[in-house]
Structures are given as structure tokens and as C-alpha cells.
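I have placed the structure first, in the form of C-alpha cells, so that the comments after it can refer back to it.
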Amino acid sequence: MKRCFLALILLFSTVCYGQKFDQLALTPPMGWNSWNRFACDIREDLIRQTADAMVTSGMKDAGYRYIVIDDCWSGGRDSLGFLYPDPAKFPSGMKALADYIHAKGLKFGIYSDAGSRTCGGFPGSRGHEFQDAQMFANWGVDYLKYDWCNTDSLNAEEAYKSMRNALFTAGRPVVLSICEWGNHSPWQWGAEVGHLWRTTGDITNCWGCEILYGVYSAFGWTQILDKQKGLRVYAGPGHWNDPDMLEVGNGMPINEDRAHFSLWCMIAAPLIAGNDLRNMSKETHDILTNKEVIAIDQDSLGVQGFNFIDDGDFEIWLKPLKNQEFAFCFFNRGTTPYAVSYDWQKYNLSDSFSNTNVRLDGNYKIRDLWAKKDIGTTKDIFKAMVPAHDVIMVRVYK
């Protein structure tokens, strides 16, 4: 009897040990990360001010929750091997900073790496997974971005499982962001390990450029978008494809920012802002806080949209929504305006992945999500001019 009891305990422990936290990220996570705008130029007052700005700007009210510190926060490991923050950058420590963020109704995120060193050369978590996870829990971490630099010949799936297990053992629910750049097809195994996984290398703030940084490249957002083809079947509530963080407000023209944000919402991407929230233009603010566009990303059906009609430089993207509603994004990749004429009743809105097969009748209303107004019904052919490098995004509903 005693032996059987011990065996049951062991079995229970093994089952629990191999879990990720469920009921987290049931819609794509929304928040802010320090890297795209500030890289290693981070400090405690910047993070506090950003948390303040997330509240006062209305971003919290629009759904943004996570304040995530990326690389370069670490001061090293102490004599017992525990991580500690750079005392010059974070003099109050991470626990005090997390408490400040939590007091504003926000959540606190931090960065580490599956390798021996982070991408910035700071201590990674390899060999310290359980120690680091316990420290993160002590600090009050709610979100961990876990990178893939200096990993040598590690098995990606097993390395990320190690941190998943460590976080679960520490006992504090944490969203695990798998950031191994899509090198080892994380969409095939990520759902059992983390809550989101990077599908590509890094994004940069341009339409379609490629910037070479020695051994790796950063890509413009349209190139990142094109790399999502075929991946939608792996995403859903609690497990999302991550095409990297937003570049809205980091130097692109407003029309390109609007298109970038729209397509990220259409593909149910995590909405992690990467600009300076303390100094946003009105145009940037209005893009990032458009609740009607955000609602497409956050739709509880959890279906990633897809390129429904491709006519070269002009594309129509479709995203099935709950209650038999749909989002359409008319996307002009070209350098001149495009005159669209779309017959709503001509096409079957067919998507085997979401079990959707609908032909719109004339009783659906059409709402322009950037103009924030209803613009007719599906009884009439939709005619509009889509500006260059821009979108028209609509919700079709009854």
C-alpha cells in the first residue's frame, strides 16, 4: 500500500511537472517591450514612466497590460548563482519595480535566454532554469520573453520545456514567450510549451527592407507578414504565432504604421508596442488605441486571418470572427492608389480551419474601422480607393 501511494505521488508530480500554465493568453497578449525603441538603453525611471504613460494615454483602457523589460537589465549572478539587476540601471530592484507596475493594474515582464549568455552578452538561464524561475516568481514576473542566443547545439523544444517546467514548479503563473526565431519550427511543438512563439527573425521599422547585422538580418514588416503563410493552423487561444513586436511609432509613415497594425490584428498577432509611449504623436496614439481594430485581434474565436484574394500588389485579407461576423482588410502594397470594387455576395467565405462556409446576403452591415463609421450594407458592391501602402479595414456584421 505504501509503495502504491508513493507511486501515485510520483505520477502526480510528473504530470504537474510537465505542464504550462493554462487559462493564460486566451487572446493574443497586449503590452509594451523596451527593445525596438530603446535596445540596451534602459533604466528604472524609463520603465516606471512607461507604465505611467500606458495608463494615462488610454492604452491600458484599450487592452494593453504587459510592461516587458528586454535584454541588458542584468547585473550578473551573485555568489550563489542568483541573478540580480544592474544596480546603476535598476537601483530599487526588480521586486519594487514590479510592485509599482502591479499597483497600476498592469503586469510585469522580463527577459532571459535559453543559452549561456543573452544576445547582449549577459548571463543566460542555461543550467539555472529552476533558480531563475524561482527568482522571477519572487520578483512578481508575469511574462517571460525567452530568447535563443548562445545555445550551441541545444535541442530547442527540450530547452524551452526546461524553462516551462521551471516556471510551473516556481508556482507563479507566467506567460512564456518562445523567442527562437522560427529556426526549429516552434509552431509544431510550441502549444504544449509556451503561449506564443516567434515565427521569424527580428522585425525592423520599414516597409520591406532587410538590414544585415553580421550573422543575422532584420526584416521589414511586410517581409515578416509573408513568412506567416501556412502557419495559421497552429494558432489559437493560449498558443499564438508571434511575428514579432510592433514598429508603430518608430519612424515609418502613418499610412504604413496603420497598415502594419491592421495586418497584425488580422493575423491575431500579439500586440506588443515597441515605441516611446511617453512621447507619442496623436497619429501613433490613435493607431495603437483604436479599440475597434484591436477587437479584431482580440476576437475570442481566436482564428488567424489569411490572404483571401491575391491580385499582385492588391490583397484582400479575411478573418472569421465569433457570431458569424468577419473582418476584411483591403491591403494595397503598391505605390499608387488602388480602386477596389468588391461584390460581397459573389464569393463563398470558405475556411475549413474555422469551419466557416458562408455566402454573404445583403443583410450584413459594413463598418469602416479606421473611419469609425458604418458605410452601407453587403447588398451593394463596395467601391473605394485604397491609398498606396495603406489599408481599408472593415467589420461585416448583422
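Ordering of the C-alpha cells sets the chain letters (A, B, ...); residue numbers start at 1 within each chain; ligands are numbered from 1 in the order shown.
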Residues flagged alpha helix (DSSP H) by DSSP in region 75-285 of chain A, as number ranges by chain: A: 94-103, 129-139, 156-170, 221-226, 254-266, 282-285
Who sits within 7 Å of region 204-212 of chain A, only C-alpha atoms, same chain under 2 positions skipped, as a PyMOL selection string: chain A and resi 202+214+216-223+247+250-252+256
Residues near Phe328 (chain A), cut-off 8 Å, only C-alpha atoms, skip fewer than 6 positions along chain, as a count of residues only: 8
Who sits within 10 Å of Ala39 (chain A), only C-alpha atoms, same chain under 2 positions skipped, as number ranges by chain: A: 33-37, 41-42, 69-72, 120
Those residues with C-alpha atoms, as a JSON list (two decimals), in the first residue's frame please?
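File produced: result_33.json:
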```
[["chain", "number", "residue", "atom", "x", "y", "z"],
["A", 33, "ASN", "CA", 8.53, 45.88, -24.78],
["A", 34, "SER", "CA", 11.63, 48.02, -24.42],
["A", 35, "TRP", "CA", 13.77, 46.58, -27.23],
["A", 36, "ASN", "CA", 12.56, 48.09, -30.52],
["A", 37, "ARG", "CA", 12.90, 51.68, -29.34],
["A", 41, "ASP", "CA", 19.44, 51.99, -23.13],
["A", 42, "ILE", "CA", 17.04, 51.05, -20.33],
["A", 69, "ILE", "CA", 11.91, 44.70, -19.96],
["A", 70, "ASP", "CA", 14.02, 43.16, -22.70],
["A", 71, "ASP", "CA", 17.77, 42.37, -22.71],
["A", 72, "CYS", "CA", 20.51, 44.28, -20.85],
["A", 120, "GLY", "CA", 23.51, 41.22, -25.32]]
```
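In this model, the gap between CA of Leu288 (chain A) and CA of His239 (chain A) comes to 22.7 Å.
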Which residue of A:Ser352, A:Ala371, A:Phe261, A:Arg359 approaches Phe331 (chain A) most closely, using only C-alpha atoms: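 For Phe331 (chain A), the nearest of the candidates is A:Phe261.
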Selected residue, from A:Asp113, A:Asp52, A:Asp132, A:Glu44, that lies nearest to Gly81 (chain A) when counting only C-alpha atoms: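 Looking at the shortest contact to Gly81 (chain A), the residue is A:Asp132.
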Residues within 12 Å of Thr200 (chain A), only C-alpha atoms, excluding chain neighbours under 6 positions, as a list in words: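 Result of the neighbour search: Ile178, Cys179, Glu180, Trp181, Gly182, Asn183, His184, Ser185, Pro186, Trp187, Tyr216, Ser217, Ala218, Phe219, Gly220, Trp221, Gln223, Ile224, Leu225, Asp226, Lys227, Gln228, Lys229, Leu231, Asn241, Asp242, Pro243, Asp244 and Met245 of chain A.
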Quick one: contact table of region 251-293 of chain A to region 372-377 of chain A, 10 Å max, nearest atom pair and distance in Å to one decimal per residue, counting only C-alpha atoms, chain and number order, as a tab-separated table?
```
residue	atom	partner	partner_atom	distance
A:Asn290	CA	A:Lys372	CA	9.1
A:Lys291	CA	A:Lys372	CA	9.9
A:Glu292	CA	A:Lys372	CA	7.7
A:Val293	CA	A:Lys372	CA	9.5
```
Restrict the selected residues to N, CA and C atoms and save them as a tab-separated table (two decimals), in the first residue's frame.
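Below is the file that was written, again_35.tsv:
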```
chain	number	residue	atom	x	y	z
A	290	ASN	N	-6.95	52.24	-31.20
A	290	ASN	CA	-8.22	52.07	-31.91
A	290	ASN	C	-8.89	50.77	-31.44
A	291	LYS	N	-9.86	50.90	-30.58
A	291	LYS	CA	-10.48	49.72	-29.96
A	291	LYS	C	-11.22	48.84	-30.96
A	292	GLU	N	-11.75	49.43	-32.01
A	292	GLU	CA	-12.48	48.63	-32.99
A	292	GLU	C	-11.54	47.75	-33.80
A	293	VAL	N	-10.35	48.25	-34.10
A	293	VAL	CA	-9.36	47.43	-34.80
A	293	VAL	C	-8.79	46.39	-33.84
```
Proximity to Gly236 (chain A) - best of A:Leu360, A:Leu24, A:Leu369, A:Leu349, only C-alpha atoms: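 Looking at the shortest contact to Gly236 (chain A), the residue is A:Leu24.
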Residue set, region 197-364 of chain A restricted to strand (DSSP E), as number ranges by chain: A: 197-198, 210-213, 216-219, 240-242, 271-273, 306-311, 314-320, 326-332, 338-342, 349-351, 356-358
Could you write out the selected residues, including N, CA and C atoms, as a CSV table (one decimal), in the first residue's frame?
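Result written to part-v7.csv:
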```
chain,number,residue,atom,x,y,z
A,197,TRP,N,5.0,32.0,-29.8
A,197,TRP,CA,6.3,31.7,-30.3
A,197,TRP,C,6.6,32.5,-31.5
A,198,ARG,N,7.9,33.0,-31.5
A,198,ARG,CA,8.3,33.8,-32.7
A,198,ARG,C,8.4,32.9,-33.9
A,210,GLU,N,15.6,44.8,-45.7
A,210,GLU,CA,16.3,43.8,-45.0
A,210,GLU,C,17.6,44.5,-44.5
A,211,ILE,N,17.9,44.4,-43.2
A,211,ILE,CA,19.1,45.0,-42.7
A,211,ILE,C,20.0,43.9,-42.1
A,212,LEU,N,21.2,43.8,-42.6
A,212,LEU,CA,22.1,42.7,-42.2
A,212,LEU,C,22.9,43.2,-41.0
A,213,TYR,N,22.9,42.4,-39.9
A,213,TYR,CA,23.7,42.7,-38.7
A,213,TYR,C,24.6,41.5,-38.5
A,216,TYR,N,23.0,37.8,-38.8
A,216,TYR,CA,21.6,37.7,-38.9
A,216,TYR,C,21.0,39.0,-39.6
A,217,SER,N,19.8,38.9,-40.1
A,217,SER,CA,19.1,40.0,-40.7
A,217,SER,C,17.9,40.4,-39.9
A,218,ALA,N,17.5,41.7,-40.0
A,218,ALA,CA,16.2,42.1,-39.5
A,218,ALA,C,15.4,42.5,-40.7
A,219,PHE,N,14.1,42.3,-40.7
A,219,PHE,CA,13.3,42.4,-41.9
A,219,PHE,C,12.2,43.4,-41.6
A,240,TRP,N,-0.1,31.2,-29.7
A,240,TRP,CA,-0.2,32.2,-30.8
A,240,TRP,C,1.1,32.2,-31.6
A,241,ASN,N,1.0,32.3,-32.9
A,241,ASN,CA,2.1,32.7,-33.8
A,241,ASN,C,2.5,34.2,-33.4
A,242,ASP,N,3.8,34.4,-33.3
A,242,ASP,CA,4.3,35.7,-33.0
A,242,ASP,C,5.2,36.3,-34.1
A,271,LEU,N,0.0,41.9,-29.7
A,271,LEU,CA,0.2,43.4,-29.9
A,271,LEU,C,1.1,43.9,-28.8
A,272,ILE,N,2.4,43.9,-29.1
A,272,ILE,CA,3.4,44.3,-28.2
A,272,ILE,C,4.0,45.6,-28.8
A,273,ALA,N,3.6,46.7,-28.3
A,273,ALA,CA,4.1,48.0,-28.8
A,273,ALA,C,5.6,48.1,-28.5
A,306,PHE,N,-6.3,35.3,-43.0
A,306,PHE,CA,-5.5,34.8,-44.1
A,306,PHE,C,-5.7,35.7,-45.4
A,307,ASN,N,-4.8,35.6,-46.3
A,307,ASN,CA,-4.9,36.3,-47.6
A,307,ASN,C,-6.0,35.6,-48.5
A,308,PHE,N,-7.1,36.2,-48.6
A,308,PHE,CA,-8.3,35.6,-49.2
A,308,PHE,C,-8.2,35.7,-50.7
A,309,ILE,N,-7.9,36.9,-51.2
A,309,ILE,CA,-7.7,37.2,-52.6
A,309,ILE,C,-6.4,37.9,-52.8
A,310,ASP,N,-5.6,37.4,-53.7
A,310,ASP,CA,-4.3,38.0,-54.0
A,310,ASP,C,-4.3,38.4,-55.5
A,311,ASP,N,-4.1,39.7,-55.7
A,311,ASP,CA,-4.1,40.2,-57.1
A,311,ASP,C,-2.8,41.0,-57.2
A,314,PHE,N,-2.3,44.1,-54.8
A,314,PHE,CA,-3.6,44.3,-54.0
A,314,PHE,C,-4.0,43.0,-53.4
A,315,GLU,N,-4.3,43.0,-52.1
A,315,GLU,CA,-4.8,41.8,-51.5
A,315,GLU,C,-6.0,42.1,-50.6
A,316,ILE,N,-6.8,41.0,-50.5
A,316,ILE,CA,-8.0,41.1,-49.5
A,316,ILE,C,-7.7,40.0,-48.5
A,317,TRP,N,-7.6,40.4,-47.2
A,317,TRP,CA,-7.5,39.5,-46.1
A,317,TRP,C,-8.8,39.3,-45.4
A,318,LEU,N,-9.0,38.1,-45.0
A,318,LEU,CA,-10.3,37.7,-44.3
A,318,LEU,C,-10.0,37.1,-42.9
A,319,LYS,N,-10.7,37.5,-41.9
A,319,LYS,CA,-10.6,36.9,-40.6
A,319,LYS,C,-12.0,36.6,-40.1
A,320,PRO,N,-12.3,35.3,-40.0
A,320,PRO,CA,-13.6,34.9,-39.4
A,320,PRO,C,-13.6,35.3,-37.9
A,326,PHE,N,-17.3,38.9,-39.8
A,326,PHE,CA,-16.0,38.8,-40.5
A,326,PHE,C,-15.3,40.1,-40.5
A,327,ALA,N,-14.0,40.1,-40.5
A,327,ALA,CA,-13.2,41.3,-40.8
A,327,ALA,C,-12.5,41.1,-42.1
A,328,PHE,N,-12.6,42.2,-42.9
A,328,PHE,CA,-11.9,42.3,-44.2
A,328,PHE,C,-10.9,43.4,-44.1
A,329,CYS,N,-9.7,43.1,-44.7
A,329,CYS,CA,-8.7,44.2,-44.8
A,329,CYS,C,-8.3,44.2,-46.3
A,330,PHE,N,-8.6,45.4,-46.9
A,330,PHE,CA,-8.2,45.7,-48.3
A,330,PHE,C,-6.8,46.3,-48.3
A,331,PHE,N,-5.8,45.6,-48.7
A,331,PHE,CA,-4.4,45.9,-48.5
A,331,PHE,C,-3.7,46.3,-49.8
A,332,ASN,N,-3.3,47.5,-49.9
A,332,ASN,CA,-2.6,48.0,-51.1
A,332,ASN,C,-1.1,48.0,-50.9
A,338,TYR,N,-5.2,52.3,-55.3
A,338,TYR,CA,-5.9,51.2,-56.0
A,338,TYR,C,-7.4,51.4,-55.8
A,339,ALA,N,-8.1,51.3,-57.0
A,339,ALA,CA,-9.6,51.4,-57.0
A,339,ALA,C,-10.1,50.0,-56.8
A,340,VAL,N,-10.8,49.8,-55.6
A,340,VAL,CA,-11.3,48.4,-55.3
A,340,VAL,C,-12.8,48.4,-55.6
A,341,SER,N,-13.3,47.3,-56.2
A,341,SER,CA,-14.7,47.1,-56.5
A,341,SER,C,-15.0,45.6,-56.1
A,342,TYR,N,-15.7,45.5,-55.0
A,342,TYR,CA,-15.8,44.1,-54.4
A,342,TYR,C,-17.3,43.8,-54.2
A,349,LEU,N,-17.3,32.7,-48.4
A,349,LEU,CA,-16.3,32.9,-47.4
A,349,LEU,C,-16.0,31.5,-46.8
A,350,SER,N,-15.1,30.8,-47.4
A,350,SER,CA,-14.9,29.4,-47.1
A,350,SER,C,-13.5,29.3,-46.4
A,351,ASP,N,-13.5,28.6,-45.2
A,351,ASP,CA,-12.3,28.4,-44.4
A,351,ASP,C,-12.5,27.1,-43.6
A,356,THR,N,-15.8,27.5,-41.5
A,356,THR,CA,-16.7,28.6,-42.0
A,356,THR,C,-16.9,28.4,-43.5
A,357,ASN,N,-18.2,28.5,-43.8
A,357,ASN,CA,-18.6,28.5,-45.3
A,357,ASN,C,-19.8,29.3,-45.4
A,358,VAL,N,-19.7,30.5,-45.7
A,358,VAL,CA,-20.8,31.5,-45.7
A,358,VAL,C,-20.7,32.3,-47.0
```
Coordinates-based distance that separates CA of Ala103 (chain A) from CA of Tyr66 (chain A) (Å, one decimal):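 Taking CA of Tyr66 (chain A) as the start and CA of Ala103 (chain A) as the end point, the length is 12.8 Å.
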